[in-house]
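In what follows, a structure is listed as C-alpha coordinates, so that the remarks can point back to it.
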Amino acid sequence: MDPLSSITILAAAMFAGFMGALLGIGGGSIMVPVFTVTLGINVKVAVATSLTALIATSAISSSVYLRKRLVNLRLAVVLEGATIVGSVTGASIAAAIPDWAVETMFGIVLFYAFTVMIYRTLKPPKAKETGGGRFSYYDDALRRVVSYDYRNLPAATGLSFFAGMASGMLGIGGGTVKVPILDLVAGLPMKAAVATSSYMIGITASGGSLVYLFKGLIDPHIVALAVVGIIVGSRLGAAVMTRLRSRVLRIIFSVFLAYYAVRMLMRGAAGWWS
Amino acid sequence: MVELAELSQLLRAGVLAGLALMLAGLALGSHMVTTVGVLTLILTPAAGLVYAALILLGERDGRIYAAAAILDLALILGTLAYMALIR
(Lines give C-alpha, C1' and ligand atoms only; values in the text may rest on other atoms or scores of the structure.)
Protein backbone atom coordinates (compact mmCIF):
# COMPACT_ATOMS: atom_id res chain seq x y z
CA MET A 1 0.00 0.00 0.00
CA ASP A 2 1.40 3.42 -0.97
CA PRO A 3 2.06 6.09 1.71
CA LEU A 4 -0.71 8.37 0.41
CA SER A 5 -3.35 5.66 0.78
CA SER A 6 -2.06 4.88 4.28
CA ILE A 7 -2.29 8.54 5.31
CA THR A 8 -5.79 8.84 3.82
CA ILE A 9 -6.99 5.73 5.73
CA LEU A 10 -5.42 7.05 8.94
CA ALA A 11 -7.08 10.46 8.43
CA ALA A 12 -10.49 8.88 7.68
CA ALA A 13 -10.27 6.73 10.82
CA MET A 14 -9.22 9.74 12.89
CA PHE A 15 -12.21 11.66 11.54
CA ALA A 16 -14.48 8.72 12.44
CA GLY A 17 -13.06 8.56 15.98
CA PHE A 18 -13.25 12.34 16.39
CA MET A 19 -16.88 12.60 15.26
CA GLY A 20 -17.81 9.46 17.14
CA ALA A 21 -16.51 10.90 20.42
CA LEU A 22 -18.19 14.26 19.83
CA LEU A 23 -21.58 12.80 18.97
CA GLY A 24 -21.54 9.70 21.16
CA ILE A 25 -21.87 7.31 18.24
CA GLY A 26 -19.75 4.40 17.07
CA GLY A 27 -17.21 5.05 14.34
CA GLY A 28 -18.66 2.41 12.01
CA SER A 29 -21.39 4.57 10.50
CA ILE A 30 -18.66 7.05 9.51
CA MET A 31 -15.76 4.76 8.66
CA VAL A 32 -17.56 2.33 6.33
CA PRO A 33 -19.10 4.94 3.95
CA VAL A 34 -15.91 7.06 3.89
CA PHE A 35 -13.76 4.00 3.17
CA THR A 36 -16.16 2.72 0.51
CA VAL A 37 -17.37 5.87 -1.27
CA THR A 38 -14.39 8.21 -0.83
CA LEU A 39 -11.42 5.82 -0.72
CA GLY A 40 -12.84 3.13 -3.03
CA ILE A 41 -12.17 0.24 -0.61
CA ASN A 42 -14.39 -2.82 -1.15
CA VAL A 43 -17.47 -2.55 1.09
CA LYS A 44 -16.93 -5.95 2.74
CA VAL A 45 -13.30 -5.11 3.59
CA ALA A 46 -14.52 -1.75 4.95
CA VAL A 47 -17.17 -3.49 7.09
CA ALA A 48 -14.63 -6.05 8.37
CA THR A 49 -12.13 -3.28 9.17
CA SER A 50 -14.75 -1.21 10.96
CA LEU A 51 -15.95 -4.18 13.02
CA THR A 52 -12.40 -5.07 14.11
CA ALA A 53 -11.56 -1.43 14.91
CA LEU A 54 -14.73 -1.28 17.03
CA ILE A 55 -13.17 -3.85 19.38
CA ALA A 56 -10.40 -1.34 20.12
CA THR A 57 -12.76 1.60 20.67
CA SER A 58 -15.06 -0.55 22.81
CA ALA A 59 -12.17 -1.75 24.98
CA ILE A 60 -10.73 1.73 25.47
CA SER A 61 -14.04 3.46 26.24
CA SER A 62 -15.55 0.66 28.34
CA SER A 63 -12.39 0.45 30.46
CA VAL A 64 -13.30 3.94 31.70
CA TYR A 65 -16.98 3.03 32.16
CA LEU A 66 -16.06 -0.15 34.07
CA ARG A 67 -13.97 1.83 36.55
CA LYS A 68 -16.90 4.19 37.08
CA ARG A 69 -19.21 1.17 37.59
CA LEU A 70 -21.54 2.36 34.83
CA VAL A 71 -21.51 -0.96 32.95
CA ASN A 72 -24.26 -3.39 33.91
CA LEU A 73 -22.14 -6.54 33.65
CA ARG A 74 -25.01 -8.89 34.49
CA LEU A 75 -27.31 -7.62 31.76
CA ALA A 76 -24.41 -7.42 29.27
CA VAL A 77 -23.40 -11.10 29.63
CA VAL A 78 -27.02 -12.26 29.40
CA LEU A 79 -27.79 -10.25 26.23
CA GLU A 80 -24.45 -11.06 24.64
CA GLY A 81 -25.45 -14.70 24.05
CA ALA A 82 -28.05 -13.56 21.49
CA THR A 83 -25.86 -10.74 20.17
CA ILE A 84 -22.84 -12.97 19.41
CA VAL A 85 -25.04 -15.43 17.51
CA GLY A 86 -26.54 -12.47 15.60
CA SER A 87 -23.11 -11.03 14.82
CA VAL A 88 -21.75 -14.34 13.49
CA THR A 89 -24.93 -14.84 11.44
CA GLY A 90 -24.77 -11.29 10.07
CA ALA A 91 -21.09 -11.54 9.15
CA SER A 92 -21.66 -14.92 7.44
CA ILE A 93 -24.55 -13.47 5.41
CA ALA A 94 -22.59 -10.33 4.47
CA ALA A 95 -19.61 -12.42 3.33
CA ALA A 96 -21.88 -14.50 1.09
CA ILE A 97 -24.12 -11.88 -0.56
CA PRO A 98 -23.10 -9.50 -3.38
CA ASP A 99 -21.43 -6.16 -2.59
CA TRP A 100 -24.40 -4.15 -3.90
CA ALA A 101 -26.71 -5.78 -1.34
CA VAL A 102 -24.40 -4.79 1.55
CA GLU A 103 -24.13 -1.24 0.13
CA THR A 104 -27.91 -0.95 -0.19
CA MET A 105 -28.48 -2.15 3.39
CA PHE A 106 -25.84 0.26 4.64
CA GLY A 107 -27.55 3.11 2.80
CA ILE A 108 -30.85 2.25 4.51
CA VAL A 109 -29.17 2.12 7.95
CA LEU A 110 -27.53 5.51 7.30
CA PHE A 111 -30.96 6.96 6.52
CA TYR A 112 -32.23 5.51 9.81
CA ALA A 113 -29.23 7.05 11.65
CA PHE A 114 -29.95 10.36 9.87
CA THR A 115 -33.58 10.28 11.06
CA VAL A 116 -32.54 9.47 14.65
CA MET A 117 -29.92 12.25 14.58
CA ILE A 118 -32.45 14.84 13.37
CA TYR A 119 -35.04 13.65 15.93
CA ARG A 120 -32.53 13.86 18.81
CA THR A 121 -31.40 17.30 17.66
CA LEU A 122 -34.95 18.62 17.67
CA LYS A 123 -36.00 16.72 20.78
CA PRO A 124 -33.06 15.91 23.11
CA PRO A 125 -33.65 12.96 25.48
CA LYS A 126 -34.60 13.86 29.04
CA ALA A 127 -32.79 12.38 32.01
CA LYS A 128 -34.72 9.35 33.19
CA GLU A 129 -35.72 9.37 36.85
CA THR A 130 -35.36 5.94 38.36
CA GLY A 131 -36.68 4.39 41.50
CA GLY A 132 -35.05 1.81 43.74
CA GLY A 133 -33.45 -1.16 42.06
CA ARG A 134 -30.77 -3.80 42.27
CA PHE A 135 -28.18 -1.73 40.38
CA SER A 136 -26.69 1.66 41.03
CA TYR A 137 -23.96 4.07 39.96
CA TYR A 138 -22.80 7.49 41.01
CA ASP A 139 -23.86 10.20 38.54
CA ASP A 140 -21.22 12.96 38.42
CA ALA A 141 -23.61 15.46 36.82
CA LEU A 142 -26.51 14.83 39.25
CA ARG A 143 -24.10 14.39 42.19
CA ARG A 144 -26.04 11.49 43.60
CA VAL A 145 -26.38 7.73 43.38
CA VAL A 146 -28.83 6.60 40.70
CA SER A 147 -30.44 3.23 41.31
CA TYR A 148 -32.31 1.28 38.66
CA ASP A 149 -33.34 -2.16 37.48
CA TYR A 150 -33.79 -3.67 34.04
CA ARG A 151 -37.05 -4.93 32.58
CA ASN A 152 -38.37 -6.74 29.46
CA LEU A 153 -35.43 -9.15 29.39
CA PRO A 154 -36.99 -11.56 26.81
CA ALA A 155 -37.78 -8.70 24.40
CA ALA A 156 -34.35 -7.13 24.90
CA THR A 157 -32.69 -10.51 24.26
CA GLY A 158 -34.68 -11.09 21.06
CA LEU A 159 -33.90 -7.61 19.76
CA SER A 160 -30.24 -8.04 20.72
CA PHE A 161 -29.99 -10.84 18.16
CA PHE A 162 -30.98 -8.38 15.42
CA ALA A 163 -28.67 -5.69 16.84
CA GLY A 164 -25.80 -8.21 16.66
CA MET A 165 -26.82 -9.15 13.14
CA ALA A 166 -26.71 -5.48 12.06
CA SER A 167 -23.28 -5.10 13.69
CA GLY A 168 -21.87 -8.21 12.05
CA MET A 169 -23.36 -7.47 8.66
CA LEU A 170 -22.60 -3.74 8.47
CA GLY A 171 -19.72 -3.15 10.91
CA ILE A 172 -21.64 -0.62 12.97
CA GLY A 173 -21.53 -0.21 16.73
CA GLY A 174 -23.86 0.31 19.60
CA GLY A 175 -24.88 3.94 19.31
CA THR A 176 -27.27 3.30 16.47
CA VAL A 177 -28.84 0.02 17.51
CA LYS A 178 -27.90 -1.22 21.00
CA VAL A 179 -28.39 1.96 23.03
CA PRO A 180 -32.09 2.29 22.04
CA ILE A 181 -32.68 -1.36 23.04
CA LEU A 182 -31.02 -0.92 26.45
CA ASP A 183 -32.61 2.48 27.06
CA LEU A 184 -36.11 2.10 25.65
CA VAL A 185 -36.75 -1.67 25.97
CA ALA A 186 -34.65 -2.74 28.98
CA GLY A 187 -35.29 0.56 30.79
CA LEU A 188 -31.70 1.43 31.69
CA PRO A 189 -30.85 5.08 32.42
CA MET A 190 -29.08 6.60 29.39
CA LYS A 191 -25.62 6.66 30.99
CA ALA A 192 -25.83 3.00 31.97
CA ALA A 193 -27.23 2.15 28.50
CA VAL A 194 -24.33 3.89 26.71
CA ALA A 195 -21.72 2.30 29.01
CA THR A 196 -23.22 -1.20 28.80
CA SER A 197 -23.59 -0.92 25.01
CA SER A 198 -19.98 0.24 24.77
CA TYR A 199 -18.78 -2.84 26.68
CA MET A 200 -21.05 -5.20 24.73
CA ILE A 201 -20.04 -4.05 21.24
CA GLY A 202 -16.48 -5.34 21.66
CA ILE A 203 -17.73 -8.85 22.46
CA THR A 204 -20.27 -8.68 19.62
CA ALA A 205 -17.64 -7.50 17.14
CA SER A 206 -15.31 -10.28 18.26
CA GLY A 207 -17.65 -12.99 16.90
CA GLY A 208 -18.27 -11.25 13.56
CA SER A 209 -14.61 -10.32 13.08
CA LEU A 210 -13.56 -13.98 13.37
CA VAL A 211 -15.84 -14.81 10.42
CA TYR A 212 -14.33 -12.00 8.33
CA LEU A 213 -10.77 -12.96 9.35
CA PHE A 214 -11.17 -16.54 8.17
CA LYS A 215 -12.95 -15.41 4.98
CA GLY A 216 -9.84 -13.36 4.17
CA LEU A 217 -11.68 -10.04 4.31
CA ILE A 218 -9.53 -8.43 7.02
CA ASP A 219 -6.57 -6.48 5.70
CA PRO A 220 -4.20 -6.13 8.71
CA HIS A 221 -2.57 -3.02 7.22
CA ILE A 222 -5.92 -1.19 6.98
CA VAL A 223 -7.01 -2.50 10.42
CA ALA A 224 -3.79 -1.30 12.11
CA LEU A 225 -4.14 2.17 10.57
CA ALA A 226 -7.85 2.29 11.41
CA VAL A 227 -7.24 1.30 15.05
CA VAL A 228 -4.49 3.90 15.50
CA GLY A 229 -6.58 6.57 13.75
CA ILE A 230 -9.80 5.90 15.64
CA ILE A 231 -8.05 5.86 19.04
CA VAL A 232 -6.22 9.16 18.36
CA GLY A 233 -9.37 10.71 16.84
CA SER A 234 -11.61 9.73 19.74
CA ARG A 235 -9.11 11.18 22.25
CA LEU A 236 -9.01 14.45 20.30
CA GLY A 237 -12.82 14.45 20.10
CA ALA A 238 -13.15 13.91 23.83
CA ALA A 239 -10.68 16.77 24.46
CA VAL A 240 -12.58 19.37 22.41
CA MET A 241 -16.04 18.01 23.19
CA THR A 242 -16.90 20.64 25.79
CA ARG A 243 -15.87 23.56 23.56
CA LEU A 244 -18.16 22.76 20.63
CA ARG A 245 -21.89 23.29 20.26
CA SER A 246 -23.38 19.84 19.87
CA ARG A 247 -26.56 21.10 18.15
CA VAL A 248 -24.64 22.68 15.26
CA LEU A 249 -22.42 19.62 15.07
CA ARG A 250 -25.40 17.29 14.91
CA ILE A 251 -26.92 19.24 12.04
CA ILE A 252 -23.63 19.14 10.10
CA PHE A 253 -23.30 15.44 10.78
CA SER A 254 -26.91 14.83 9.66
CA VAL A 255 -26.00 16.31 6.27
CA PHE A 256 -22.94 14.02 6.19
CA LEU A 257 -25.15 10.99 6.92
CA ALA A 258 -27.74 11.95 4.29
CA TYR A 259 -25.01 12.47 1.65
CA TYR A 260 -23.38 9.10 2.29
CA ALA A 261 -26.76 7.35 2.54
CA VAL A 262 -27.63 8.55 -0.98
CA ARG A 263 -24.16 7.64 -2.31
CA MET A 264 -24.31 4.15 -0.78
CA LEU A 265 -27.80 3.56 -2.18
CA MET A 266 -26.65 4.77 -5.60
CA ARG A 267 -23.68 2.39 -5.49
CA GLY A 268 -26.01 -0.44 -4.47
CA ALA A 269 -28.44 0.36 -7.29
CA ALA A 270 -25.61 0.61 -9.85
CA GLY A 271 -24.23 -2.74 -8.70
CA TRP A 272 -27.63 -4.40 -8.88
CA TRP A 273 -28.27 -2.92 -12.35
CA SER A 274 -24.98 -4.18 -13.76
CA MET B 1 -10.91 -11.91 43.95
CA VAL B 2 -11.04 -10.19 40.55
CA GLU B 3 -12.09 -6.52 40.46
CA LEU B 4 -13.68 -4.40 37.72
CA ALA B 5 -10.46 -2.35 37.53
CA GLU B 6 -8.55 -5.49 36.53
CA LEU B 7 -11.02 -6.20 33.72
CA SER B 8 -10.57 -2.60 32.61
CA GLN B 9 -6.77 -3.00 32.56
CA LEU B 10 -6.99 -6.30 30.69
CA LEU B 11 -9.07 -4.74 27.90
CA ARG B 12 -6.62 -1.88 27.45
CA ALA B 13 -3.60 -4.18 27.59
CA GLY B 14 -5.15 -6.56 25.04
CA VAL B 15 -5.79 -3.77 22.53
CA LEU B 16 -2.30 -2.34 22.95
CA ALA B 17 -0.67 -5.78 22.62
CA GLY B 18 -2.73 -6.56 19.49
CA LEU B 19 -1.88 -3.20 17.95
CA ALA B 20 1.83 -3.54 18.78
CA LEU B 21 1.96 -7.00 17.20
CA MET B 22 0.10 -5.79 14.09
CA LEU B 23 2.47 -2.86 13.63
CA ALA B 24 5.53 -5.02 14.34
CA GLY B 25 4.32 -7.59 11.82
CA LEU B 26 3.79 -4.92 9.19
CA ALA B 27 7.19 -3.37 9.87
CA LEU B 28 8.92 -6.76 9.67
CA GLY B 29 6.84 -7.89 6.71
CA SER B 30 5.75 -10.94 8.69
CA HIS B 31 2.22 -12.09 7.82
CA MET B 32 2.18 -14.49 10.77
CA VAL B 33 3.02 -11.83 13.39
CA THR B 34 0.44 -9.48 11.86
CA THR B 35 -2.25 -12.17 11.93
CA VAL B 36 -1.39 -12.99 15.57
CA GLY B 37 -1.81 -9.27 16.29
CA VAL B 38 -5.26 -9.20 14.65
CA LEU B 39 -6.25 -12.36 16.55
CA THR B 40 -5.01 -10.86 19.84
CA LEU B 41 -7.19 -7.80 19.24
CA ILE B 42 -10.21 -9.88 18.24
CA LEU B 43 -9.89 -12.25 21.22
CA THR B 44 -9.34 -9.52 23.84
CA PRO B 45 -13.09 -9.28 24.66
CA ALA B 46 -13.15 -13.10 25.01
CA ALA B 47 -10.36 -12.90 27.60
CA GLY B 48 -12.40 -10.17 29.26
CA LEU B 49 -15.30 -12.60 29.58
CA VAL B 50 -13.16 -14.90 31.74
CA TYR B 51 -12.55 -11.97 34.09
CA ALA B 52 -16.23 -11.01 33.93
CA ALA B 53 -17.20 -14.55 34.95
CA LEU B 54 -14.77 -14.44 37.90
CA ILE B 55 -16.13 -11.05 39.00
CA LEU B 56 -19.71 -12.32 38.81
CA LEU B 57 -18.83 -15.52 40.69
CA GLY B 58 -17.69 -13.36 43.60
CA GLU B 59 -21.01 -11.50 43.75
CA ARG B 60 -24.15 -12.54 45.57
CA ASP B 61 -26.46 -14.60 43.27
CA GLY B 62 -23.84 -14.18 40.58
CA ARG B 63 -23.41 -17.83 39.55
CA ILE B 64 -26.07 -17.81 36.84
CA TYR B 65 -24.55 -14.67 35.32
CA ALA B 66 -21.07 -16.18 35.50
CA ALA B 67 -22.47 -19.15 33.58
CA ALA B 68 -23.88 -16.74 30.98
CA ALA B 69 -20.41 -15.18 30.59
CA ILE B 70 -18.86 -18.62 30.11
CA LEU B 71 -21.54 -19.41 27.50
CA ASP B 72 -20.61 -16.20 25.64
CA LEU B 73 -16.97 -17.24 25.75
CA ALA B 74 -17.88 -20.70 24.43
CA LEU B 75 -19.79 -19.08 21.54
CA ILE B 76 -16.75 -17.00 20.52
CA LEU B 77 -14.30 -19.90 20.86
CA GLY B 78 -16.78 -22.18 19.07
CA THR B 79 -16.92 -19.70 16.18
CA LEU B 80 -13.10 -19.60 16.09
CA ALA B 81 -12.88 -23.41 16.03
CA TYR B 82 -15.63 -23.76 13.42
CA MET B 83 -14.15 -21.14 11.09
CA ALA B 84 -10.70 -22.72 11.43
CA LEU B 85 -12.13 -26.16 10.61
CA ILE B 86 -14.11 -25.15 7.51
CA ARG B 87 -11.32 -22.97 6.16
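By order in the C-alpha coordinates, chains are A, B, ...; within a chain, residues start at 1; ligands start at 1, following the order shown.
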Quick one: which residues from chain B are at most 8 Å off chain A, using only C-alpha atoms, as a PyMOL selection string? chain B and resi 4-5+7-9+11-12+15+19+22-23+26+34-35+38+41-43+45-46+52+56+65+68-69+71-72+75-76+79-80+83-84+87
Helix (DSSP H, G or I) residues, from DSSP on the backbone, in stretch 147-241 of chain A, as a ChimeraX atom specification: /A:153-170,178-185,190-214,220-241
Considering only C-alpha atoms, tabulate each residue of stretch 148-247 of chain A that lies at most 12 Å from stretch 101-111 of chain A along with its nearest interatomic pair and the corresponding distance in Å to one decimal; arrange the rows by chain and ascending residue number and present them as a tab-separated table.
residue	atom	partner	partner_atom	distance
A:Ala163	CA	A:Val109	CA	11.8
A:Ala166	CA	A:Val109	CA	9.0
A:Ser167	CA	A:Phe106	CA	10.8
A:Gly168	CA	A:Val102	CA	11.3
A:Met169	CA	A:Val102	CA	7.7
A:Leu170	CA	A:Phe106	CA	6.4
A:Gly171	CA	A:Phe106	CA	9.4
A:Ile172	CA	A:Phe106	CA	9.4
A:Gly173	CA	A:Val109	CA	11.9
A:Thr176	CA	A:Val109	CA	8.8
A:Val177	CA	A:Val109	CA	9.8
Considering only strand (DSSP E) as DSSP defines it on the backbone, what residues of stretch 68-242 of chain A qualify? List them as an MDAnalysis selection string. chainID A and resid 135:139 144:148
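Taking atom CA of A:Ala12 and atom CA of A:Ile252 as endpoints, the distance between them is 16.8 Å.
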Nearby residues (only C-alpha atoms) at most 8 Å from stretch 150-154 of chain A, same-chain spacing under 4 positions excluded, as a PDB file with N, CA, C and O atoms, in the first residue's frame:
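Heads up, here's the output in selection-v1.pdb:
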ATOM      1  N   LEU A  75     -26.440  -7.719  32.941  1.00  0.00           N
ATOM      2  CA  LEU A  75     -27.306  -7.616  31.761  1.00  0.00           C
ATOM      3  C   LEU A  75     -26.479  -7.842  30.492  1.00  0.00           C
ATOM      4  O   LEU A  75     -26.933  -8.513  29.558  1.00  0.00           O
ATOM      5  N   GLY A 158     -34.288 -10.847  22.451  1.00  0.00           N
ATOM      6  CA  GLY A 158     -34.679 -11.086  21.062  1.00  0.00           C
ATOM      7  C   GLY A 158     -34.169  -9.979  20.143  1.00  0.00           C
ATOM      8  O   GLY A 158     -33.603 -10.242  19.078  1.00  0.00           O
ATOM      9  N   VAL A 185     -36.120  -0.352  25.704  1.00  0.00           N
ATOM     10  CA  VAL A 185     -36.747  -1.665  25.972  1.00  0.00           C
ATOM     11  C   VAL A 185     -36.374  -2.180  27.366  1.00  0.00           C
ATOM     12  O   VAL A 185     -37.252  -2.544  28.151  1.00  0.00           O
ATOM     13  N   ALA A 186     -35.073  -2.188  27.678  1.00  0.00           N
ATOM     14  CA  ALA A 186     -34.647  -2.737  28.976  1.00  0.00           C
ATOM     15  C   ALA A 186     -34.784  -1.720  30.114  1.00  0.00           C
ATOM     16  O   ALA A 186     -34.673  -2.076  31.281  1.00  0.00           O
ATOM     17  N   GLY A 187     -35.021  -0.459  29.773  1.00  0.00           N
ATOM     18  CA  GLY A 187     -35.295   0.565  30.788  1.00  0.00           C
ATOM     19  C   GLY A 187     -34.093   1.063  31.568  1.00  0.00           C
ATOM     20  O   GLY A 187     -34.245   1.596  32.668  1.00  0.00           O
ATOM     21  N   LEU A 188     -32.895   0.931  30.997  1.00  0.00           N
ATOM     22  CA  LEU A 188     -31.697   1.430  31.691  1.00  0.00           C
ATOM     23  C   LEU A 188     -31.618   2.956  31.568  1.00  0.00           C
ATOM     24  O   LEU A 188     -32.006   3.508  30.533  1.00  0.00           O
TER      25      LEU A 188
END
Between A:Asn72, A:Thr157, A:Thr36, A:Ser198, which one has atoms that come closest to A:Ile181, using only C-alpha atoms? A:Thr157
If we count only C-alpha atoms and set the cut-off at 8 Å, which residues sit around B:Ile70, ignoring sequence neighbours fewer than 6 positions away in its own chain? Please answer as an mmCIF file with N, CA, C and O atoms, in the first residue's frame.
data_model
loop_
_atom_site.group_PDB
_atom_site.id
_atom_site.type_symbol
_atom_site.label_atom_id
_atom_site.label_comp_id
_atom_site.auth_asym_id
_atom_site.auth_seq_id
_atom_site.Cartn_x
_atom_site.Cartn_y
_atom_site.Cartn_z
ATOM 1 N N LEU B 49 -14.154 -11.822 29.077
ATOM 2 C CA LEU B 49 -15.300 -12.604 29.579
ATOM 3 C C LEU B 49 -14.888 -13.550 30.714
ATOM 4 O O LEU B 49 -15.686 -13.833 31.608
ATOM 5 N N VAL B 50 -13.650 -14.044 30.652
ATOM 6 C CA VAL B 50 -13.156 -14.905 31.744
ATOM 7 C C VAL B 50 -13.117 -14.083 33.037
ATOM 8 O O VAL B 50 -13.585 -14.540 34.092
ATOM 9 N N ALA B 53 -16.629 -13.378 34.268
ATOM 10 C CA ALA B 53 -17.196 -14.553 34.953
ATOM 11 C C ALA B 53 -16.664 -14.642 36.382
ATOM 12 O O ALA B 53 -17.420 -14.925 37.325
#
